[in-house]
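Coordinates as given in target_15.cif (mmCIF, C-alpha atoms):
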```
data_protein
#
loop_
_atom_site.group_PDB
_atom_site.id
_atom_site.type_symbol
_atom_site.label_atom_id
_atom_site.label_comp_id
_atom_site.auth_asym_id
_atom_site.auth_seq_id
_atom_site.Cartn_x
_atom_site.Cartn_y
_atom_site.Cartn_z
ATOM 1 C CA MET E 148 0.000 0.000 0.000
ATOM 2 C CA LYS E 149 1.314 3.435 -0.957
ATOM 3 C CA TRP E 150 0.685 6.115 1.637
ATOM 4 C CA ASN E 151 0.336 9.823 0.880
ATOM 5 C CA MET E 152 -0.369 12.892 2.946
ATOM 6 C CA ARG E 153 -3.968 14.045 3.163
ATOM 7 C CA ARG E 154 -4.728 16.502 0.358
ATOM 8 C CA SER E 155 -5.761 19.995 1.353
ATOM 9 C CA ARG E 156 -9.335 20.876 0.436
ATOM 10 C CA VAL E 157 -8.496 24.597 0.502
ATOM 11 C CA MET E 158 -5.484 24.215 -1.787
ATOM 12 C CA LYS E 159 -7.597 22.272 -4.275
ATOM 13 C CA LYS E 160 -10.143 25.102 -4.340
ATOM 14 C CA PHE E 161 -7.385 27.669 -4.778
ATOM 15 C CA ARG E 162 -5.888 25.772 -7.687
ATOM 16 C CA ASP E 163 -9.315 25.328 -9.280
ATOM 17 C CA GLY E 164 -9.892 29.086 -9.109
ATOM 18 C CA GLN E 165 -12.639 28.795 -6.495
ATOM 19 C CA VAL E 166 -13.303 30.677 -3.248
ATOM 20 C CA ALA E 167 -12.897 28.792 0.034
ATOM 21 C CA THR E 168 -14.728 29.499 3.290
ATOM 22 C CA CYS E 169 -13.181 29.378 6.744
ATOM 23 C CA MET E 170 -15.047 29.427 10.075
ATOM 24 C CA LYS E 171 -13.069 30.713 13.060
ATOM 25 C CA LEU E 172 -13.269 28.780 16.324
ATOM 26 C CA ASN E 173 -12.278 30.315 19.652
ATOM 27 C CA PHE E 174 -13.507 27.390 21.736
ATOM 28 C CA MET E 175 -11.334 24.327 22.072
ATOM 29 C CA ASP E 176 -13.851 21.485 22.308
ATOM 30 C CA SER E 177 -13.571 18.844 19.585
ATOM 31 C CA ARG E 178 -17.367 18.630 19.433
ATOM 32 C CA ILE E 179 -17.508 22.296 18.404
ATOM 33 C CA ALA E 180 -15.079 21.506 15.585
ATOM 34 C CA GLU E 181 -17.061 18.443 14.522
ATOM 35 C CA LEU E 182 -20.308 20.426 14.493
ATOM 36 C CA ALA E 183 -18.782 23.294 12.515
ATOM 37 C CA ALA E 184 -17.181 20.904 10.023
ATOM 38 C CA SER E 185 -20.530 19.224 9.415
ATOM 39 C CA TYR E 186 -21.795 22.512 7.915
ATOM 40 C CA ASP E 187 -19.384 22.083 5.001
ATOM 41 C CA PHE E 188 -17.058 25.018 5.517
ATOM 42 C CA ASP E 189 -13.838 24.315 3.664
ATOM 43 C CA CYS E 190 -11.707 24.844 6.728
ATOM 44 C CA LEU E 191 -11.732 25.763 10.388
ATOM 45 C CA TRP E 192 -9.475 28.466 11.776
ATOM 46 C CA LEU E 193 -8.189 27.364 15.182
ATOM 47 C CA CYS E 194 -6.512 30.060 17.262
ATOM 48 C CA MET E 195 -3.518 29.788 19.567
ATOM 49 C CA GLU E 196 -2.558 33.462 19.377
ATOM 50 C CA HIS E 197 -5.406 34.877 21.453
ATOM 51 C CA CYS E 198 -7.036 31.789 22.965
ATOM 52 C CA ALA E 199 -5.910 29.604 25.869
ATOM 53 C CA ASN E 200 -5.998 26.441 23.755
ATOM 54 C CA THR E 201 -3.484 23.627 24.039
ATOM 55 C CA LEU E 202 -1.825 21.618 21.303
ATOM 56 C CA GLU E 203 -3.621 18.474 22.456
ATOM 57 C CA GLN E 204 -7.002 20.230 22.185
ATOM 58 C CA MET E 205 -6.089 21.523 18.720
ATOM 59 C CA GLU E 206 -5.018 18.025 17.672
ATOM 60 C CA ASN E 207 -8.418 16.620 18.635
ATOM 61 C CA GLN E 208 -10.170 19.409 16.725
ATOM 62 C CA VAL E 209 -8.079 18.610 13.639
ATOM 63 C CA ARG E 210 -9.145 14.954 13.933
ATOM 64 C CA ALA E 211 -12.796 15.963 14.317
ATOM 65 C CA ALA E 212 -12.691 18.181 11.219
ATOM 66 C CA LYS E 213 -11.127 15.420 9.113
ATOM 67 C CA ILE E 214 -14.242 13.287 9.663
ATOM 68 C CA TYR E 215 -15.891 15.643 7.144
ATOM 69 C CA ASP E 216 -12.742 16.180 5.027
ATOM 70 C CA VAL E 217 -12.481 19.743 6.314
ATOM 71 C CA ASP E 218 -9.096 21.446 6.638
ATOM 72 C CA CYS E 219 -7.833 23.175 9.750
ATOM 73 C CA LEU E 220 -5.654 26.268 9.677
ATOM 74 C CA ILE E 221 -4.032 26.979 13.025
ATOM 75 C CA ARG E 222 -3.005 30.498 13.931
ATOM 76 C CA VAL E 223 0.167 29.945 15.888
ATOM 77 C CA PRO E 224 1.661 32.003 18.695
ATOM 78 C CA ARG E 225 4.862 33.847 17.873
ATOM 79 C CA GLY E 226 7.594 31.798 19.500
ATOM 80 C CA SER E 227 10.091 29.126 18.502
ATOM 81 C CA TYR E 228 10.145 27.112 15.298
ATOM 82 C CA SER E 229 8.444 24.281 17.211
ATOM 83 C CA ASP E 230 5.367 26.482 17.639
ATOM 84 C CA MET E 231 5.089 26.633 13.853
ATOM 85 C CA ILE E 232 5.819 23.018 12.904
ATOM 86 C CA ARG E 233 3.900 21.120 15.580
ATOM 87 C CA PRO E 234 0.482 22.114 14.167
ATOM 88 C CA LEU E 235 1.635 20.904 10.741
ATOM 89 C CA GLU E 236 2.762 17.597 12.221
ATOM 90 C CA MET E 237 -0.642 17.073 13.870
ATOM 91 C CA ASP E 238 -2.004 17.301 10.288
ATOM 92 C CA ALA E 239 -3.333 20.826 10.137
ATOM 93 C CA ALA E 240 -3.602 21.860 6.492
ATOM 94 C CA GLY E 241 -1.601 24.961 7.274
ATOM 95 C CA ILE E 242 -0.601 27.624 9.732
ATOM 96 C CA ILE E 243 -1.368 31.318 9.985
ATOM 97 C CA VAL E 244 1.508 33.359 11.410
ATOM 98 C CA PRO E 245 0.315 36.656 12.902
ATOM 99 C CA HIS E 246 1.992 40.027 12.430
ATOM 100 C CA CYS E 247 4.554 39.310 9.757
ATOM 101 C CA MET E 248 6.537 42.540 9.934
ATOM 102 C CA SER E 249 9.214 42.373 7.245
ATOM 103 C CA VAL E 250 10.824 40.453 4.410
ATOM 104 C CA ALA E 251 13.336 38.984 6.871
ATOM 105 C CA ASP E 252 10.468 37.834 9.074
ATOM 106 C CA ALA E 253 8.773 36.101 6.130
ATOM 107 C CA GLU E 254 12.045 34.466 5.096
ATOM 108 C CA GLU E 255 12.595 33.088 8.604
ATOM 109 C CA ILE E 256 9.056 31.678 8.706
ATOM 110 C CA VAL E 257 9.670 29.864 5.413
ATOM 111 C CA TYR E 258 13.083 28.640 6.562
ATOM 112 C CA TYR E 259 11.521 26.819 9.521
ATOM 113 C CA THR E 260 8.304 25.587 7.872
ATOM 114 C CA ARG E 261 9.387 24.393 4.411
ATOM 115 C CA PHE E 262 11.534 21.373 3.712
ATOM 116 C CA HIS E 263 14.529 21.228 1.348
ATOM 117 C CA PRO E 264 15.061 22.705 -1.192
ATOM 118 C CA ILE E 265 13.004 25.704 -0.021
ATOM 119 C CA GLY E 266 13.827 25.760 3.677
ATOM 120 C CA ARG E 267 15.263 23.746 6.542
ATOM 121 C CA ARG E 268 12.177 22.568 8.430
ATOM 122 C CA PRO E 269 13.206 19.867 10.923
ATOM 123 C CA VAL E 270 12.220 16.412 9.651
ATOM 124 C CA ASP E 271 10.356 13.842 11.727
ATOM 125 C CA GLY E 272 7.646 11.927 9.852
ATOM 126 C CA GLY E 273 6.374 10.052 12.891
ATOM 127 C CA ASN E 274 3.188 12.052 13.345
ATOM 128 C CA ALA E 275 -0.302 12.274 11.876
ATOM 129 C CA ASP E 276 0.664 14.287 8.798
ATOM 130 C CA ALA E 277 2.955 11.506 7.531
ATOM 131 C CA HIS E 278 0.632 8.764 8.779
ATOM 132 C CA TYR E 279 3.057 7.821 11.531
ATOM 133 C CA CYS E 280 6.082 6.905 9.372
ATOM 134 C CA ASN E 281 4.020 5.395 6.543
ATOM 135 C CA VAL E 282 4.753 8.169 4.032
ATOM 136 C CA PRO E 283 8.343 7.797 2.787
ATOM 137 C CA ILE E 284 10.435 10.782 3.818
ATOM 138 C CA PRO E 285 11.213 12.055 0.268
ATOM 139 C CA ASP E 286 7.489 11.892 -0.625
ATOM 140 C CA TYR E 287 6.527 13.480 2.696
ATOM 141 C CA MET E 288 8.849 16.436 2.184
ATOM 142 C CA LYS E 289 7.733 16.990 -1.400
ATOM 143 C CA GLN E 290 4.013 16.710 -0.619
ATOM 144 C CA ALA E 291 4.262 18.970 2.440
ATOM 145 C CA ASN E 292 6.029 21.669 0.432
ATOM 146 C CA LYS E 293 3.364 21.466 -2.263
ATOM 147 C CA ASP E 294 0.148 21.043 -0.300
ATOM 148 C CA ARG E 295 0.551 22.708 3.107
ATOM 149 C CA ILE E 296 -0.396 26.349 3.559
ATOM 150 C CA ILE E 297 2.057 28.801 5.065
ATOM 151 C CA CYS E 298 0.058 31.972 5.579
ATOM 152 C CA VAL E 299 1.362 35.252 6.969
ATOM 153 C CA GLN E 300 -0.955 37.909 8.311
ATOM 154 C CA ILE E 301 -0.541 41.359 6.851
ATOM 155 C CA GLU E 302 -1.930 43.592 9.564
ATOM 156 C CA ASP E 303 0.717 46.254 10.123
ATOM 157 C CA PRO E 304 1.918 49.202 8.031
ATOM 158 C CA GLU E 305 5.514 47.946 8.306
ATOM 159 C CA ALA E 306 4.614 44.819 6.310
ATOM 160 C CA TYR E 307 2.253 46.713 4.020
ATOM 161 C CA GLU E 308 5.068 49.031 2.920
ATOM 162 C CA VAL E 309 7.109 46.047 1.661
ATOM 163 C CA ILE E 310 4.214 43.837 0.583
ATOM 164 C CA GLU E 311 5.599 43.299 -2.921
ATOM 165 C CA GLN E 312 8.933 42.070 -1.557
ATOM 166 C CA ILE E 313 7.206 39.731 0.930
ATOM 167 C CA ALA E 314 5.090 38.335 -1.899
ATOM 168 C CA GLN E 315 8.271 37.264 -3.673
ATOM 169 C CA VAL E 316 9.517 35.147 -0.767
ATOM 170 C CA LYS E 317 9.331 31.595 -2.114
ATOM 171 C CA GLY E 318 7.326 29.327 0.171
ATOM 172 C CA ILE E 319 4.655 31.805 1.314
ATOM 173 C CA THR E 320 1.307 30.397 0.178
ATOM 174 C CA MET E 321 -1.130 33.020 1.391
ATOM 175 C CA PHE E 322 -1.571 36.501 2.811
ATOM 176 C CA TYR E 323 -4.329 37.077 5.354
ATOM 177 C CA PHE E 324 -5.307 40.728 5.718
ATOM 178 C CA GLY E 325 -6.389 41.642 9.261
ATOM 179 C CA PRO E 326 -8.510 44.808 9.115
ATOM 180 C CA GLN E 327 -8.914 45.248 12.875
ATOM 181 C CA ASP E 328 -5.227 45.287 13.738
ATOM 182 C CA TYR E 329 -4.358 47.254 10.625
ATOM 183 C CA SER E 330 -6.896 49.955 11.503
ATOM 184 C CA GLN E 331 -5.393 50.207 14.997
ATOM 185 C CA ALA E 332 -1.847 50.303 13.669
ATOM 186 C CA ILE E 333 -2.558 53.316 11.455
ATOM 187 C CA GLY E 334 -4.344 55.224 14.231
ATOM 188 C CA LEU E 335 -7.923 54.401 13.200
ATOM 189 C CA PRO E 336 -8.866 51.688 15.746
ATOM 190 C CA GLY E 337 -12.048 49.860 14.788
ATOM 191 C CA GLU E 338 -12.640 51.897 11.616
ATOM 192 C CA ILE E 339 -12.419 48.901 9.328
ATOM 193 C CA ARG E 340 -14.502 50.613 6.628
ATOM 194 C CA HIS E 341 -12.220 53.641 6.508
ATOM 195 C CA PRO E 342 -10.910 54.313 2.982
ATOM 196 C CA LYS E 343 -7.303 53.810 4.111
ATOM 197 C CA VAL E 344 -8.109 50.356 5.484
ATOM 198 C CA GLN E 345 -10.120 49.432 2.411
ATOM 199 C CA GLU E 346 -7.350 50.594 0.111
ATOM 200 C CA ALA E 347 -4.838 48.447 2.007
ATOM 201 C CA ARG E 348 -7.167 45.454 1.818
ATOM 202 C CA ARG E 349 -7.567 45.950 -1.917
ATOM 203 C CA ARG E 350 -3.837 46.344 -2.579
ATOM 204 C CA VAL E 351 -2.910 43.220 -0.594
ATOM 205 C CA ALA E 352 -5.168 41.199 -2.894
ATOM 206 C CA GLU E 353 -3.763 42.893 -5.989
ATOM 207 C CA VAL E 354 -0.178 42.160 -4.973
ATOM 208 C CA GLY E 355 -1.071 38.585 -4.100
ATOM 209 C CA LYS E 356 -2.568 38.036 -7.540
ATOM 210 C CA LYS E 357 0.446 39.639 -9.225
ATOM 211 C CA TYR E 358 2.916 37.258 -7.544
ATOM 212 C CA GLY E 359 0.802 34.125 -7.226
ATOM 213 C CA VAL E 360 0.130 34.392 -3.484
ATOM 214 C CA PHE E 361 -3.412 33.453 -2.459
ATOM 215 C CA CYS E 362 -5.252 35.919 -0.214
ATOM 216 C CA GLY E 363 -7.719 35.630 2.636
ATOM 217 C CA THR E 364 -9.584 38.035 4.871
ATOM 218 C CA SER E 365 -12.498 38.192 7.271
ATOM 219 C CA ARG E 366 -15.855 39.362 6.022
ATOM 220 C CA VAL E 367 -16.616 41.700 8.965
ATOM 221 C CA GLY E 368 -19.882 42.963 7.490
ATOM 222 C CA LEU E 369 -18.726 43.509 3.919
ATOM 223 C CA PRO E 370 -20.541 41.873 0.997
ATOM 224 C CA TYR E 371 -18.924 38.661 -0.177
ATOM 225 C CA LYS E 372 -19.009 39.865 -3.778
ATOM 226 C CA GLU E 373 -16.968 42.929 -2.903
ATOM 227 C CA LEU E 374 -14.231 40.791 -1.361
ATOM 228 C CA VAL E 375 -14.275 38.248 -4.190
ATOM 229 C CA ASP E 376 -14.106 41.061 -6.742
ATOM 230 C CA MET E 377 -11.040 42.394 -4.906
ATOM 231 C CA GLY E 378 -9.412 39.005 -5.462
ATOM 232 C CA TYR E 379 -9.821 37.273 -2.100
ATOM 233 C CA GLN E 380 -9.954 33.477 -2.353
ATOM 234 C CA LEU E 381 -10.509 32.611 1.315
ATOM 235 C CA ILE E 382 -13.167 34.396 3.349
ATOM 236 C CA THR E 383 -13.964 34.008 7.041
ATOM 237 C CA PRO E 384 -17.689 34.726 7.507
ATOM 238 C CA GLY E 385 -17.777 34.544 11.302
ATOM 239 C CA SER E 386 -16.855 32.674 14.469
ATOM 240 C CA ASP E 387 -18.287 30.342 17.069
ATOM 241 C CA VAL E 388 -18.137 32.981 19.798
ATOM 242 C CA MET E 389 -20.029 35.543 17.700
ATOM 243 C CA GLY E 390 -22.617 32.917 16.818
ATOM 244 C CA LEU E 391 -23.272 32.170 20.485
ATOM 245 C CA LYS E 392 -23.253 35.864 21.354
ATOM 246 C CA THR E 393 -25.904 36.596 18.717
ATOM 247 C CA TYR E 394 -28.060 33.708 19.920
ATOM 248 C CA TRP E 395 -27.756 34.613 23.602
ATOM 249 C CA ASP E 396 -28.353 38.333 22.910
ATOM 250 C CA ALA E 397 -31.660 37.420 21.279
ATOM 251 C CA MET E 398 -32.569 34.977 24.049
ATOM 252 C CA SER E 399 -31.761 37.506 26.769
ATOM 253 C CA GLU E 400 -33.995 40.120 25.167
ATOM 254 C CA GLU E 401 -36.786 37.565 24.785
ATOM 255 C CA LEU E 402 -36.581 36.646 28.466
ATOM 256 C CA LYS E 403 -36.590 40.276 29.568
ATOM 257 C CA SER E 404 -39.789 40.898 27.607
ATOM 258 C CA GLU E 405 -41.595 37.764 28.804
ATOM 259 C CA PRO E 406 -44.315 38.811 31.327
ATOM 260 C CA ALA E 407 -44.480 35.376 32.953
ATOM 261 C CA LEU E 408 -40.814 35.700 33.984
ATOM 262 C CA ASN E 409 -40.947 39.296 35.187
ATOM 263 C CA ARG E 410 -43.791 39.411 37.693
ATOM 264 C CA GLN E 411 -43.403 41.190 41.021
ATOM 265 C CA GLY E 412 -44.069 39.272 44.256
#
```
Mind turning the file's structure into structure tokens?
Amino acid sequence: MKWNMRRSRVMKKFRDGQVATCMKLNFMDSRIAELAASYDFDCLWLCMEHCANTLEQMENQVRAAKIYDVDCLIRVPRGSYSDMIRPLEMDAAGIIVPHCMSVADAEEIVYYTRFHPIGRRPVDGGNADAHYCNVPIPDYMKQANKDRIICVQIEDPEAYEVIEQIAQVKGITMFYFGPQDYSQAIGLPGEIRHPKVQEARRRVAEVGKKYGVFCGTSRVGLPYKELVDMGYQLITPGSDVMGLKTYWDAMSEELKSEPALNRQG
């Protein structure tokens, strides 16, 4: 039997010229991931930058998503090279590295996350991504370089100013534009519809298309068509925490207005 790495659903959509969808999960429970995956999003965004989630919890969420052939992209914390490669070894389809600040930063990320001949990612092969030593090492390295997503977030003016140079760093698969942090960084916190933020979002997609780098962003209230027309190929429509918040906001208001629950005495 010949073993191969699991193919990325998102990368297939990218290569077919289609738009992929990505639901963000803040909660760590594998049942949340399984439920979200059952709704046929192309991938789940699991967060270790802002959320107190462990690698073991992320690993179980990756397993749950694979039941439905749904990818997981894990946003890693900024730390050592191990923080970037462990999610890949647990068979995440890719990683999202927050706050890429420069060309040198992008080059270092590639150095530690791509195998020869692109980078010098440490080789193991004894984990889920290589089916626990069943994928031969040369095949494993080649398939990982081809089919795993290395995404850098463009969410600071420092990176934006050298976006064309970052786009030419071999091994970067995708840019993810973060409108919230970018708006803060340019002195317009929360003004994600401001023309300066929108212009940056548009140019990131244009540069990505020019150099063959796929681009993603969060919807944050904008029409899907507008983002697709800009050139975005991965769109995050929402998150688990916002879904629960919306539901509980409505329930709370319903309870407050229910006479049977608000009688005196």
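Shortest separation to Met170 (chain E) among E:Asp230, E:Asn292, E:Cys362, E:Cys219 occurs at residue E:Cys219, atoms counted being only C-alpha atoms.
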Problem set entry | Expected selection from the PyMOL selection byres ((chain E and resi 273) around 12), given as a PyMOL selection string | chain E and resi 233+236-238+270-272+274-284+287
Exercise. What does the distance between CA of Phe161 (chain E) and CA of Pro264 (chain E) come to in Å, to one decimal place?
Worked result: 23.3 Å
Problem set entry | Å distance separating CA of Met377 (chain E) from CA of Gln327 (chain E), one decimal place | 18.1 Å
Exercise. At most 10 Å from (-16.4, 14.4, 12.5), file frame, all atoms listed in the file: which residues, as a list in words?
Worked result: Ser177, Arg178, Ile179, Ala180, Glu181, Leu182, Ala183, Ala184, Ser185, Gln208, Val209, Arg210, Ala211, Ala212, Lys213, Ile214, Tyr215, Asp216 and Val217 of chain E
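Among the candidates E:Ser249, E:Thr260, E:Gln345, E:Gln204, the one nearest to Ser330 (chain E) when counting only C-alpha atoms is E:Gln345.
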Exercise. Which polymer residues have any atom within 10 Å of an atom of region 337-341 of chain E, counting all atoms listed in the file, with same-chain residues fewer than 2 positions away left out, as a VMD selection string?
Worked result: chain E and resid 325 to 331 334 to 335 343 to 346 348 367 to 369
Kindly save the residues from that selection, with C-alpha atoms included, as a PDB file, in the coordinates of the input.
```
ATOM      1  CA  GLY E 325      -6.389  41.642   9.261  1.00  0.00           C
ATOM      2  CA  PRO E 326      -8.510  44.808   9.115  1.00  0.00           C
ATOM      3  CA  GLN E 327      -8.914  45.248  12.875  1.00  0.00           C
ATOM      4  CA  ASP E 328      -5.227  45.287  13.738  1.00  0.00           C
ATOM      5  CA  TYR E 329      -4.358  47.254  10.625  1.00  0.00           C
ATOM      6  CA  SER E 330      -6.896  49.955  11.503  1.00  0.00           C
ATOM      7  CA  GLN E 331      -5.393  50.207  14.997  1.00  0.00           C
ATOM      8  CA  GLY E 334      -4.344  55.224  14.231  1.00  0.00           C
ATOM      9  CA  LEU E 335      -7.923  54.401  13.200  1.00  0.00           C
ATOM     10  CA  LYS E 343      -7.303  53.810   4.111  1.00  0.00           C
ATOM     11  CA  VAL E 344      -8.109  50.356   5.484  1.00  0.00           C
ATOM     12  CA  GLN E 345     -10.120  49.432   2.411  1.00  0.00           C
ATOM     13  CA  GLU E 346      -7.350  50.594   0.111  1.00  0.00           C
ATOM     14  CA  ARG E 348      -7.167  45.454   1.818  1.00  0.00           C
ATOM     15  CA  VAL E 367     -16.616  41.700   8.965  1.00  0.00           C
ATOM     16  CA  GLY E 368     -19.882  42.963   7.490  1.00  0.00           C
ATOM     17  CA  LEU E 369     -18.726  43.509   3.919  1.00  0.00           C
TER      18      LEU E 369
END
```
For this session: Using the chain letters and numbering of this document, enumerate as a list in words the residues selected by the PyMOL selection byres ((chain E and resi 308) around 12).
Result: Cys247, Met248, Ser249, Val250, Ile301, Glu302, Asp303, Pro304, Glu305, Ala306, Tyr307, Val309, Ile310, Glu311, Gln312, Ile313, Ala314, Ala347, Arg350, Val351 and Val354 of chain E
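Residues in contact with Leu374 (chain E) at up to 10 Å, not including ones fewer than 2 positions away on its chain and judged by all atoms listed in the file, are Arg348, Arg349, Ala352, Gly363, Thr364, Ser365, Arg366, Leu369, Pro370, Tyr371, Lys372, Asp376, Met377, Gly378, Tyr379, Gln380, Leu381 and Ile382 of chain E.
When CA of Pro234 (chain E) is paired with CA of Gln315 (chain E), their separation reads 24.7 Å.
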Which residues, named as in the file, does the PyMOL selection byres ((chain E and resi 169) around 8) pick out? Answer as a CSV table (one decimal) with C-alpha atoms, in the coordinates of the input.
```csv
chain,number,residue,atom,x,y,z
E,167,ALA,CA,-12.9,28.8,0.0
E,168,THR,CA,-14.7,29.5,3.3
E,170,MET,CA,-15.0,29.4,10.1
E,171,LYS,CA,-13.1,30.7,13.1
E,188,PHE,CA,-17.1,25.0,5.5
E,189,ASP,CA,-13.8,24.3,3.7
E,190,CYS,CA,-11.7,24.8,6.7
E,191,LEU,CA,-11.7,25.8,10.4
E,192,TRP,CA,-9.5,28.5,11.8
E,381,LEU,CA,-10.5,32.6,1.3
E,382,ILE,CA,-13.2,34.4,3.3
E,383,THR,CA,-14.0,34.0,7.0
E,384,PRO,CA,-17.7,34.7,7.5
```
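Comparing E:Ser386, E:Met398, E:Val316, E:Thr201 by their smallest distance to Gly355 (chain E), the closest is E:Val316 (using all atoms listed in the file).
Shortest separation to Val388 (chain E) among E:Asn173, E:Arg162, E:Lys149, E:Gly266 occurs at residue E:Asn173, atoms counted being all atoms listed in the file.
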For this session: Considering all atoms listed in the file, return as a count of residues only whatever protein or nucleic-acid residues lie within 12 Å of Gly241 (chain E), sequence-local ones (same chain, fewer than 6 positions apart) excluded.
Result: 37
Seminar exercise, completed: Using all atoms listed in the file, the shortest atom-to-atom distance to Tyr259 (chain E) among E:Gly390, E:Pro406, E:Gly318, E:Gly164 belongs to E:Gly318
Could you put an axis-aligned box around every listed atom of region 391-397 of chain E, padded by 5 Å on each side, and send me its centre and edge lengths in Å to one decimal, as JSON?
```
{"center_x": -27.5, "center_y": 35.3, "center_z": 21.2, "size_x": 18.4, "size_y": 16.2, "size_z": 14.9}
```
Residues within 9 Å of His197 (chain E), all atoms listed in the file, excluding chain neighbours under 3 positions, as a compact mmCIF listing (two decimals) with C-alpha atoms, in the frame of the given file:
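The resulting around_15.txt:
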```txt
# COMPACT_ATOMS: atom_id res chain seq x y z
CA ASN E 173 -12.28 30.32 19.65
CA CYS E 194 -6.51 30.06 17.26
CA ASN E 200 -6.00 26.44 23.76
CA PRO E 224 1.66 32.00 18.70
```
With N, CA and C atoms as the target, complete region 175-195 of chain E and hand it back as a PDB file, in the frame of the given file.
```pdb
ATOM      1  N   MET E 175     -12.284  25.405  22.343  1.00  0.00           N
ATOM      2  CA  MET E 175     -11.334  24.327  22.072  1.00  0.00           C
ATOM      3  C   MET E 175     -11.951  22.941  21.973  1.00  0.00           C
ATOM      4  N   ASP E 176     -13.235  22.796  22.245  1.00  0.00           N
ATOM      5  CA  ASP E 176     -13.851  21.485  22.308  1.00  0.00           C
ATOM      6  C   ASP E 176     -13.900  20.826  20.927  1.00  0.00           C
ATOM      7  N   SER E 177     -13.554  19.549  20.865  1.00  0.00           N
ATOM      8  CA  SER E 177     -13.571  18.844  19.585  1.00  0.00           C
ATOM      9  C   SER E 177     -14.978  18.706  19.028  1.00  0.00           C
ATOM     10  N   ARG E 178     -15.986  18.724  19.915  1.00  0.00           N
ATOM     11  CA  ARG E 178     -17.367  18.630  19.433  1.00  0.00           C
ATOM     12  C   ARG E 178     -17.780  19.890  18.694  1.00  0.00           C
ATOM     13  N   ILE E 179     -17.260  21.046  19.128  1.00  0.00           N
ATOM     14  CA  ILE E 179     -17.508  22.296  18.404  1.00  0.00           C
ATOM     15  C   ILE E 179     -16.924  22.196  16.993  1.00  0.00           C
ATOM     16  N   ALA E 180     -15.709  21.656  16.900  1.00  0.00           N
ATOM     17  CA  ALA E 180     -15.079  21.506  15.585  1.00  0.00           C
ATOM     18  C   ALA E 180     -15.857  20.534  14.712  1.00  0.00           C
ATOM     19  N   GLU E 181     -16.300  19.427  15.292  1.00  0.00           N
ATOM     20  CA  GLU E 181     -17.061  18.443  14.522  1.00  0.00           C
ATOM     21  C   GLU E 181     -18.368  19.040  14.024  1.00  0.00           C
ATOM     22  N   LEU E 182     -19.049  19.793  14.889  1.00  0.00           N
ATOM     23  CA  LEU E 182     -20.308  20.426  14.493  1.00  0.00           C
ATOM     24  C   LEU E 182     -20.074  21.439  13.378  1.00  0.00           C
ATOM     25  N   ALA E 183     -19.064  22.287  13.542  1.00  0.00           N
ATOM     26  CA  ALA E 183     -18.782  23.294  12.515  1.00  0.00           C
ATOM     27  C   ALA E 183     -18.409  22.634  11.189  1.00  0.00           C
ATOM     28  N   ALA E 184     -17.599  21.587  11.250  1.00  0.00           N
ATOM     29  CA  ALA E 184     -17.181  20.904  10.023  1.00  0.00           C
ATOM     30  C   ALA E 184     -18.359  20.278   9.290  1.00  0.00           C
ATOM     31  N   SER E 185     -19.369  19.869  10.039  1.00  0.00           N
ATOM     32  CA  SER E 185     -20.530  19.224   9.415  1.00  0.00           C
ATOM     33  C   SER E 185     -21.339  20.202   8.558  1.00  0.00           C
ATOM     34  N   TYR E 186     -21.091  21.515   8.723  1.00  0.00           N
ATOM     35  CA  TYR E 186     -21.795  22.512   7.915  1.00  0.00           C
ATOM     36  C   TYR E 186     -21.057  22.826   6.612  1.00  0.00           C
ATOM     37  N   ASP E 187     -20.036  22.063   6.311  1.00  0.00           N
ATOM     38  CA  ASP E 187     -19.384  22.083   5.001  1.00  0.00           C
ATOM     39  C   ASP E 187     -18.591  23.353   4.718  1.00  0.00           C
ATOM     40  N   PHE E 188     -18.083  24.003   5.760  1.00  0.00           N
ATOM     41  CA  PHE E 188     -17.058  25.018   5.517  1.00  0.00           C
ATOM     42  C   PHE E 188     -15.821  24.287   4.992  1.00  0.00           C
ATOM     43  N   ASP E 189     -15.019  24.965   4.211  1.00  0.00           N
ATOM     44  CA  ASP E 189     -13.838  24.315   3.664  1.00  0.00           C
ATOM     45  C   ASP E 189     -12.749  24.122   4.706  1.00  0.00           C
ATOM     46  N   CYS E 190     -12.695  25.015   5.669  1.00  0.00           N
ATOM     47  CA  CYS E 190     -11.707  24.844   6.728  1.00  0.00           C
ATOM     48  C   CYS E 190     -12.155  25.540   8.004  1.00  0.00           C
ATOM     49  N   LEU E 191     -11.522  25.144   9.080  1.00  0.00           N
ATOM     50  CA  LEU E 191     -11.732  25.763  10.388  1.00  0.00           C
ATOM     51  C   LEU E 191     -10.444  26.474  10.790  1.00  0.00           C
ATOM     52  N   TRP E 192     -10.605  27.688  11.276  1.00  0.00           N
ATOM     53  CA  TRP E 192      -9.475  28.466  11.776  1.00  0.00           C
ATOM     54  C   TRP E 192      -9.434  28.257  13.286  1.00  0.00           C
ATOM     55  N   LEU E 193      -8.380  27.606  13.761  1.00  0.00           N
ATOM     56  CA  LEU E 193      -8.189  27.364  15.182  1.00  0.00           C
ATOM     57  C   LEU E 193      -7.122  28.332  15.688  1.00  0.00           C
ATOM     58  N   CYS E 194      -7.374  28.950  16.838  1.00  0.00           N
ATOM     59  CA  CYS E 194      -6.512  30.060  17.262  1.00  0.00           C
ATOM     60  C   CYS E 194      -5.714  29.730  18.523  1.00  0.00           C
ATOM     61  N   MET E 195      -4.400  29.898  18.412  1.00  0.00           N
ATOM     62  CA  MET E 195      -3.518  29.788  19.567  1.00  0.00           C
ATOM     63  C   MET E 195      -2.807  31.108  19.860  1.00  0.00           C
TER      64      MET E 195
END
```
